[in-house]
Amino acid sequence: MRYWLMKSEPSVFTIEDLENSPLQTVKWIPTKGIRNYQARNFMRDDMSLGDLAFFYQSNCDKPGIVGIMKISRLAYPDPLQFIEGHKYFDPKSSIEKPRWLSVNVTLIKKIPLIELKQLRAFPKLKSMLILREGNRLSITPVLDDEWKFITDAIN
DNA sequence: GCCAACGTTGGC
DNA sequence: GCCAACGTTGGC
């Protein structure tokens, strides 16, 4: 079992949107395609059913962790890449050789916001990828120790 | 809205 | 395969 951190901009998709979705399950992210090879490769190569992930809200007033999700469907082609005219249409992709993938996630629970600046304050977390300057990757692995430390802090 | 830090693109 | 130009991300 692996752990992940997945970013979403609240202007695009919020934890409440996830909460209000049927079965509290969505394609990540419903209206947006992940268009970064590193993030795609994580989904394709390293994610397993039942892996857990932090829902991280980014590019907003209070960036931070707001929930816990699980991976509920393994990587599959992102349908948005095939919709001509769509923002996430990719002419270089095809049904036979899809370039971009998604996974489904299911909400486990919302948690009280743990702000980015709080995360930064914990020496134990100083190597977290999300805290690295210039980090832009929307899906990053979380180490077992980091996951345990954060989830322990919640409880 | 600024801007640093990235990833991608494409000409060569 | 280099690298400048460009677009995007995301904290502030």
# chains A, B, ... in the order shown; residues from 1 in each chain; ligands from 1
>>> interface_residues(of="chain B", to="chain A", cutoff="10 Å", atoms="only C-alpha atoms (C1' of nucleotides)", output="VMD selection string")
chain B and resid 4 to 8
>>> write_last_selection(atoms="all heavy atoms", output="mmCIF file, in the first residue's frame")
data_model
loop_
_atom_site.group_PDB
_atom_site.id
_atom_site.type_symbol
_atom_site.label_atom_id
_atom_site.label_comp_id
_atom_site.auth_asym_id
_atom_site.auth_seq_id
_atom_site.Cartn_x
_atom_site.Cartn_y
_atom_site.Cartn_z
ATOM 1 P P DA B 4 11.276 36.669 -10.237
ATOM 2 O OP1 DA B 4 11.624 37.900 -9.518
ATOM 3 O OP2 DA B 4 11.605 36.499 -11.664
ATOM 4 O "O5'" DA B 4 11.857 35.431 -9.444
ATOM 5 C "C5'" DA B 4 11.345 35.093 -8.164
ATOM 6 C "C4'" DA B 4 11.145 33.597 -8.080
ATOM 7 O "O4'" DA B 4 9.880 33.232 -8.692
ATOM 8 C "C3'" DA B 4 12.217 32.777 -8.790
ATOM 9 O "O3'" DA B 4 12.484 31.656 -7.969
ATOM 10 C "C2'" DA B 4 11.556 32.384 -10.115
ATOM 11 C "C1'" DA B 4 10.096 32.253 -9.701
ATOM 12 N N9 DA B 4 9.111 32.538 -10.745
ATOM 13 C C8 DA B 4 9.170 33.505 -11.723
ATOM 14 N N7 DA B 4 8.109 33.525 -12.505
ATOM 15 C C5 DA B 4 7.302 32.524 -12.006
ATOM 16 C C6 DA B 4 6.038 32.041 -12.391
ATOM 17 N N6 DA B 4 5.338 32.534 -13.404
ATOM 18 N N1 DA B 4 5.527 31.021 -11.675
ATOM 19 C C2 DA B 4 6.227 30.525 -10.655
ATOM 20 N N3 DA B 4 7.408 30.892 -10.194
ATOM 21 C C4 DA B 4 7.907 31.905 -10.929
ATOM 22 P P DA B 5 13.606 30.625 -8.291
ATOM 23 O OP1 DA B 5 14.206 30.253 -7.001
ATOM 24 O OP2 DA B 5 14.410 31.127 -9.415
ATOM 25 O "O5'" DA B 5 12.744 29.400 -8.821
ATOM 26 C "C5'" DA B 5 11.795 28.787 -7.965
ATOM 27 C "C4'" DA B 5 11.073 27.715 -8.748
ATOM 28 O "O4'" DA B 5 10.194 28.342 -9.717
ATOM 29 C "C3'" DA B 5 12.010 26.802 -9.540
ATOM 30 O "O3'" DA B 5 11.531 25.483 -9.443
ATOM 31 C "C2'" DA B 5 11.863 27.318 -10.971
ATOM 32 C "C1'" DA B 5 10.388 27.716 -10.972
ATOM 33 N N9 DA B 5 10.006 28.664 -12.009
ATOM 34 C C8 DA B 5 10.720 29.722 -12.497
ATOM 35 N N7 DA B 5 10.092 30.396 -13.432
ATOM 36 C C5 DA B 5 8.888 29.749 -13.564
ATOM 37 C C6 DA B 5 7.772 29.975 -14.395
ATOM 38 N N6 DA B 5 7.695 30.956 -15.280
ATOM 39 N N1 DA B 5 6.719 29.122 -14.276
ATOM 40 C C2 DA B 5 6.797 28.127 -13.384
ATOM 41 N N3 DA B 5 7.792 27.821 -12.553
ATOM 42 C C4 DA B 5 8.813 28.682 -12.693
ATOM 43 P P DC B 6 12.508 24.300 -9.212
ATOM 44 O OP1 DC B 6 12.269 23.799 -7.864
ATOM 45 O OP2 DC B 6 13.853 24.737 -9.643
ATOM 46 O "O5'" DC B 6 12.023 23.194 -10.220
ATOM 47 C "C5'" DC B 6 11.950 23.487 -11.577
ATOM 48 C "C4'" DC B 6 10.548 23.297 -12.095
ATOM 49 O "O4'" DC B 6 10.036 24.580 -12.463
ATOM 50 C "C3'" DC B 6 10.552 22.428 -13.335
ATOM 51 O "O3'" DC B 6 9.974 21.170 -13.023
ATOM 52 C "C2'" DC B 6 9.716 23.184 -14.354
ATOM 53 C "C1'" DC B 6 9.309 24.470 -13.675
ATOM 54 N N1 DC B 6 9.626 25.648 -14.504
ATOM 55 C C2 DC B 6 8.657 26.101 -15.419
ATOM 56 O O2 DC B 6 7.590 25.486 -15.498
ATOM 57 N N3 DC B 6 8.928 27.181 -16.192
ATOM 58 C C4 DC B 6 10.103 27.807 -16.070
ATOM 59 N N4 DC B 6 10.319 28.864 -16.841
ATOM 60 C C5 DC B 6 11.094 27.363 -15.139
ATOM 61 C C6 DC B 6 10.832 26.287 -14.389
ATOM 62 P P DG B 7 10.366 19.932 -13.981
ATOM 63 O OP1 DG B 7 10.045 18.720 -13.211
ATOM 64 O OP2 DG B 7 11.704 20.151 -14.539
ATOM 65 O "O5'" DG B 7 9.317 20.100 -15.170
ATOM 66 C "C5'" DG B 7 7.929 19.936 -14.911
ATOM 67 C "C4'" DG B 7 7.174 20.046 -16.218
ATOM 68 O "O4'" DG B 7 7.308 21.394 -16.736
ATOM 69 C "C3'" DG B 7 7.684 19.107 -17.308
ATOM 70 O "O3'" DG B 7 6.559 18.588 -18.002
ATOM 71 C "C2'" DG B 7 8.546 20.008 -18.193
ATOM 72 C "C1'" DG B 7 7.877 21.368 -18.032
ATOM 73 N N9 DG B 7 8.801 22.501 -18.102
ATOM 74 C C8 DG B 7 9.981 22.648 -17.415
ATOM 75 N N7 DG B 7 10.589 23.769 -17.684
ATOM 76 C C5 DG B 7 9.763 24.404 -18.599
ATOM 77 C C6 DG B 7 9.899 25.657 -19.246
ATOM 78 O O6 DG B 7 10.813 26.472 -19.142
ATOM 79 N N1 DG B 7 8.822 25.911 -20.104
ATOM 80 C C2 DG B 7 7.759 25.066 -20.287
ATOM 81 N N2 DG B 7 6.824 25.476 -21.149
ATOM 82 N N3 DG B 7 7.615 23.897 -19.688
ATOM 83 C C4 DG B 7 8.647 23.634 -18.859
ATOM 84 P P DT B 8 6.747 17.653 -19.282
ATOM 85 O OP1 DT B 8 5.607 16.726 -19.310
ATOM 86 O OP2 DT B 8 8.131 17.145 -19.309
ATOM 87 O "O5'" DT B 8 6.567 18.677 -20.485
ATOM 88 C "C5'" DT B 8 5.390 19.447 -20.560
ATOM 89 C "C4'" DT B 8 5.388 20.245 -21.843
ATOM 90 O "O4'" DT B 8 6.361 21.312 -21.759
ATOM 91 C "C3'" DT B 8 5.719 19.442 -23.098
ATOM 92 O "O3'" DT B 8 4.735 19.763 -24.057
ATOM 93 C "C2'" DT B 8 7.109 19.934 -23.486
ATOM 94 C "C1'" DT B 8 7.123 21.354 -22.947
ATOM 95 N N1 DT B 8 8.434 21.932 -22.552
ATOM 96 C C2 DT B 8 8.799 23.160 -23.056
ATOM 97 O O2 DT B 8 8.104 23.789 -23.831
ATOM 98 N N3 DT B 8 10.007 23.636 -22.607
ATOM 99 C C4 DT B 8 10.873 23.011 -21.725
ATOM 100 O O4 DT B 8 11.917 23.541 -21.406
ATOM 101 C C5 DT B 8 10.430 21.729 -21.241
ATOM 102 C C7 DT B 8 11.289 20.974 -20.293
ATOM 103 C C6 DT B 8 9.255 21.251 -21.671
#
>>> residues_around(residues="DC2 (chain B)", least_positions_apart="5", cutoff="12 Å", atoms="only C-alpha atoms (C1' of nucleotides)", output="NGL selection string")
:C and (10-12)
>>> write_last_selection(atoms="N, CA and C atoms (P, O5', C5', C4', C3', O3' and C1' of nucleotides)", output="PDB file, in the first residue's frame")
ATOM      1  P    DG C  10       0.152  23.334  -9.007  1.00  0.00           P
ATOM      2  O5'  DG C  10       0.458  24.525  -8.010  1.00  0.00           O
ATOM      3  C5'  DG C  10       1.771  24.688  -7.524  1.00  0.00           C
ATOM      4  C4'  DG C  10       1.811  25.968  -6.763  1.00  0.00           C
ATOM      5  C3'  DG C  10       0.586  26.234  -5.874  1.00  0.00           C
ATOM      6  O3'  DG C  10       1.037  26.728  -4.647  1.00  0.00           O
ATOM      7  C1'  DG C  10       0.961  28.069  -7.223  1.00  0.00           C
ATOM      8  P    DG C  11       0.275  26.454  -3.310  1.00  0.00           P
ATOM      9  O5'  DG C  11       1.241  27.240  -2.329  1.00  0.00           O
ATOM     10  C5'  DG C  11       2.657  27.092  -2.443  1.00  0.00           C
ATOM     11  C4'  DG C  11       3.317  28.427  -2.221  1.00  0.00           C
ATOM     12  C3'  DG C  11       2.785  29.211  -1.036  1.00  0.00           C
ATOM     13  O3'  DG C  11       3.890  29.803  -0.370  1.00  0.00           O
ATOM     14  C1'  DG C  11       2.542  30.519  -2.988  1.00  0.00           C
ATOM     15  P    DC C  12       3.760  30.386   1.099  1.00  0.00           P
ATOM     16  O5'  DC C  12       3.556  31.925   0.821  1.00  0.00           O
ATOM     17  C5'  DC C  12       4.627  32.668   0.239  1.00  0.00           C
ATOM     18  C4'  DC C  12       4.095  33.975  -0.281  1.00  0.00           C
ATOM     19  C3'  DC C  12       3.133  34.672   0.656  1.00  0.00           C
ATOM     20  O3'  DC C  12       3.850  35.450   1.607  1.00  0.00           O
ATOM     21  C1'  DC C  12       2.557  34.945  -1.654  1.00  0.00           C
TER      22       DC C  12
END
>>> closest_residue(among="A:Leu23, A:Lys62, A:Ile111, A:Leu5", to="Leu131 (chain A)", atoms="only C-alpha atoms")
A:Leu5
>>> select_by_dssp(residues="chain A", states="helix (DSSP H, G or I)", output="ChimeraX atom specification")
/A:15-19,22-24,37-46,79-82,116-121,123-125,129-131,144-154
>>> closest_residue(among="A:Pro63, A:Pro77, A:Gly85, A:Pro141", to="Pro98 (chain A)", atoms="only C-alpha atoms")
A:Pro77
>>> residues_around(residues="Ser93 (chain A)", least_positions_apart="3", cutoff="12 Å", atoms="only C-alpha atoms (C1' of nucleotides)", output="number ranges by chain")
A: 35, 77-84, 88-90, 96-101
>>> write_last_selection(atoms="N, CA, C and O atoms", output="CSV table (one decimal), in the first residue's frame")
chain,number,residue,atom,x,y,z
A,35,ARG,N,-2.0,16.4,-17.1
A,35,ARG,CA,-1.2,16.5,-18.4
A,35,ARG,C,0.3,16.7,-18.0
A,35,ARG,O,0.9,17.6,-18.5
A,77,PRO,N,-7.7,5.4,-19.6
A,77,PRO,CA,-7.5,6.6,-20.4
A,77,PRO,C,-8.5,7.7,-20.0
A,77,PRO,O,-9.7,7.5,-19.7
A,78,ASP,N,-7.9,8.9,-19.9
A,78,ASP,CA,-8.8,10.0,-19.6
A,78,ASP,C,-9.6,10.4,-20.8
A,78,ASP,O,-9.1,10.7,-21.8
A,79,PRO,N,-10.9,10.3,-20.7
A,79,PRO,CA,-11.8,10.5,-21.8
A,79,PRO,C,-11.7,11.9,-22.4
A,79,PRO,O,-12.0,12.1,-23.6
A,80,LEU,N,-11.3,12.9,-21.6
A,80,LEU,CA,-11.2,14.3,-22.1
A,80,LEU,C,-10.2,14.4,-23.3
A,80,LEU,O,-10.4,15.3,-24.1
A,81,GLN,N,-9.2,13.6,-23.3
A,81,GLN,CA,-8.2,13.7,-24.4
A,81,GLN,C,-8.8,13.4,-25.8
A,81,GLN,O,-8.2,13.8,-26.8
A,82,PHE,N,-10.0,12.8,-25.8
A,82,PHE,CA,-10.6,12.4,-27.1
A,82,PHE,C,-11.6,13.3,-27.6
A,82,PHE,O,-12.2,13.1,-28.7
A,83,ILE,N,-12.0,14.3,-26.8
A,83,ILE,CA,-13.1,15.2,-27.1
A,83,ILE,C,-12.6,16.4,-27.9
A,83,ILE,O,-12.0,17.3,-27.4
A,84,GLU,N,-12.8,16.3,-29.2
A,84,GLU,CA,-12.3,17.4,-30.1
A,84,GLU,C,-12.8,18.8,-29.7
A,84,GLU,O,-14.0,18.9,-29.4
A,88,TYR,N,-8.9,19.9,-23.0
A,88,TYR,CA,-8.0,18.8,-22.7
A,88,TYR,C,-7.8,17.8,-23.8
A,88,TYR,O,-7.3,16.7,-23.7
A,89,PHE,N,-8.4,18.2,-25.0
A,89,PHE,CA,-8.2,17.4,-26.2
A,89,PHE,C,-6.7,17.3,-26.6
A,89,PHE,O,-6.0,18.3,-26.5
A,90,ASP,N,-6.3,16.1,-26.9
A,90,ASP,CA,-4.9,16.0,-27.4
A,90,ASP,C,-4.8,15.3,-28.7
A,90,ASP,O,-5.1,14.1,-28.8
A,96,GLU,N,-6.4,4.0,-29.6
A,96,GLU,CA,-5.5,2.8,-29.6
A,96,GLU,C,-4.2,3.1,-28.8
A,96,GLU,O,-3.7,2.2,-28.1
A,97,LYS,N,-3.7,4.3,-28.8
A,97,LYS,CA,-2.6,4.6,-28.0
A,97,LYS,C,-2.9,5.9,-27.2
A,97,LYS,O,-2.4,7.0,-27.5
A,98,PRO,N,-3.6,5.7,-26.2
A,98,PRO,CA,-4.0,6.9,-25.3
A,98,PRO,C,-2.7,7.4,-24.6
A,98,PRO,O,-1.9,6.6,-24.2
A,99,ARG,N,-2.6,8.7,-24.5
A,99,ARG,CA,-1.4,9.3,-23.9
A,99,ARG,C,-1.6,9.6,-22.5
A,99,ARG,O,-0.7,9.5,-21.7
A,100,TRP,N,-2.9,10.0,-22.1
A,100,TRP,CA,-3.2,10.5,-20.8
A,100,TRP,C,-4.1,9.6,-20.0
A,100,TRP,O,-5.0,9.0,-20.6
A,101,LEU,N,-3.9,9.5,-18.7
A,101,LEU,CA,-4.6,8.5,-17.9
A,101,LEU,C,-5.2,9.3,-16.7
A,101,LEU,O,-4.8,10.4,-16.3
>>> atom_distance(atom1="CA of Phe149 (chain A)", atom2="CA of Ile34 (chain A)")
28.0 Å
>>> atom_distance(atom1="CA of Pro30 (chain A)", atom2="CA of Ser102 (chain A)")
9.4 Å
>>> decode(residues="chain B", atoms="C-alpha atoms (C1' of nucleotides)", output="PDB file, in the first residue's frame")
ATOM      1  C1'  DG B   1      -1.615  40.130  -9.897  1.00  0.00           C
ATOM      2  C1'  DC B   2       3.352  39.108  -9.407  1.00  0.00           C
ATOM      3  C1'  DC B   3       6.920  36.204 -10.524  1.00  0.00           C
ATOM      4  C1'  DA B   4      10.096  32.253  -9.701  1.00  0.00           C
ATOM      5  C1'  DA B   5      10.388  27.716 -10.972  1.00  0.00           C
ATOM      6  C1'  DC B   6       9.309  24.470 -13.675  1.00  0.00           C
ATOM      7  C1'  DG B   7       7.877  21.368 -18.032  1.00  0.00           C
ATOM      8  C1'  DT B   8       7.123  21.354 -22.947  1.00  0.00           C
ATOM      9  C1'  DT B   9       7.878  22.621 -27.614  1.00  0.00           C
ATOM     10  C1'  DG B  10      10.202  23.095 -31.774  1.00  0.00           C
ATOM     11  C1'  DG B  11      13.871  25.075 -34.705  1.00  0.00           C
ATOM     12  C1'  DC B  12      18.348  24.084 -35.606  1.00  0.00           C
TER      13       DC B  12
END
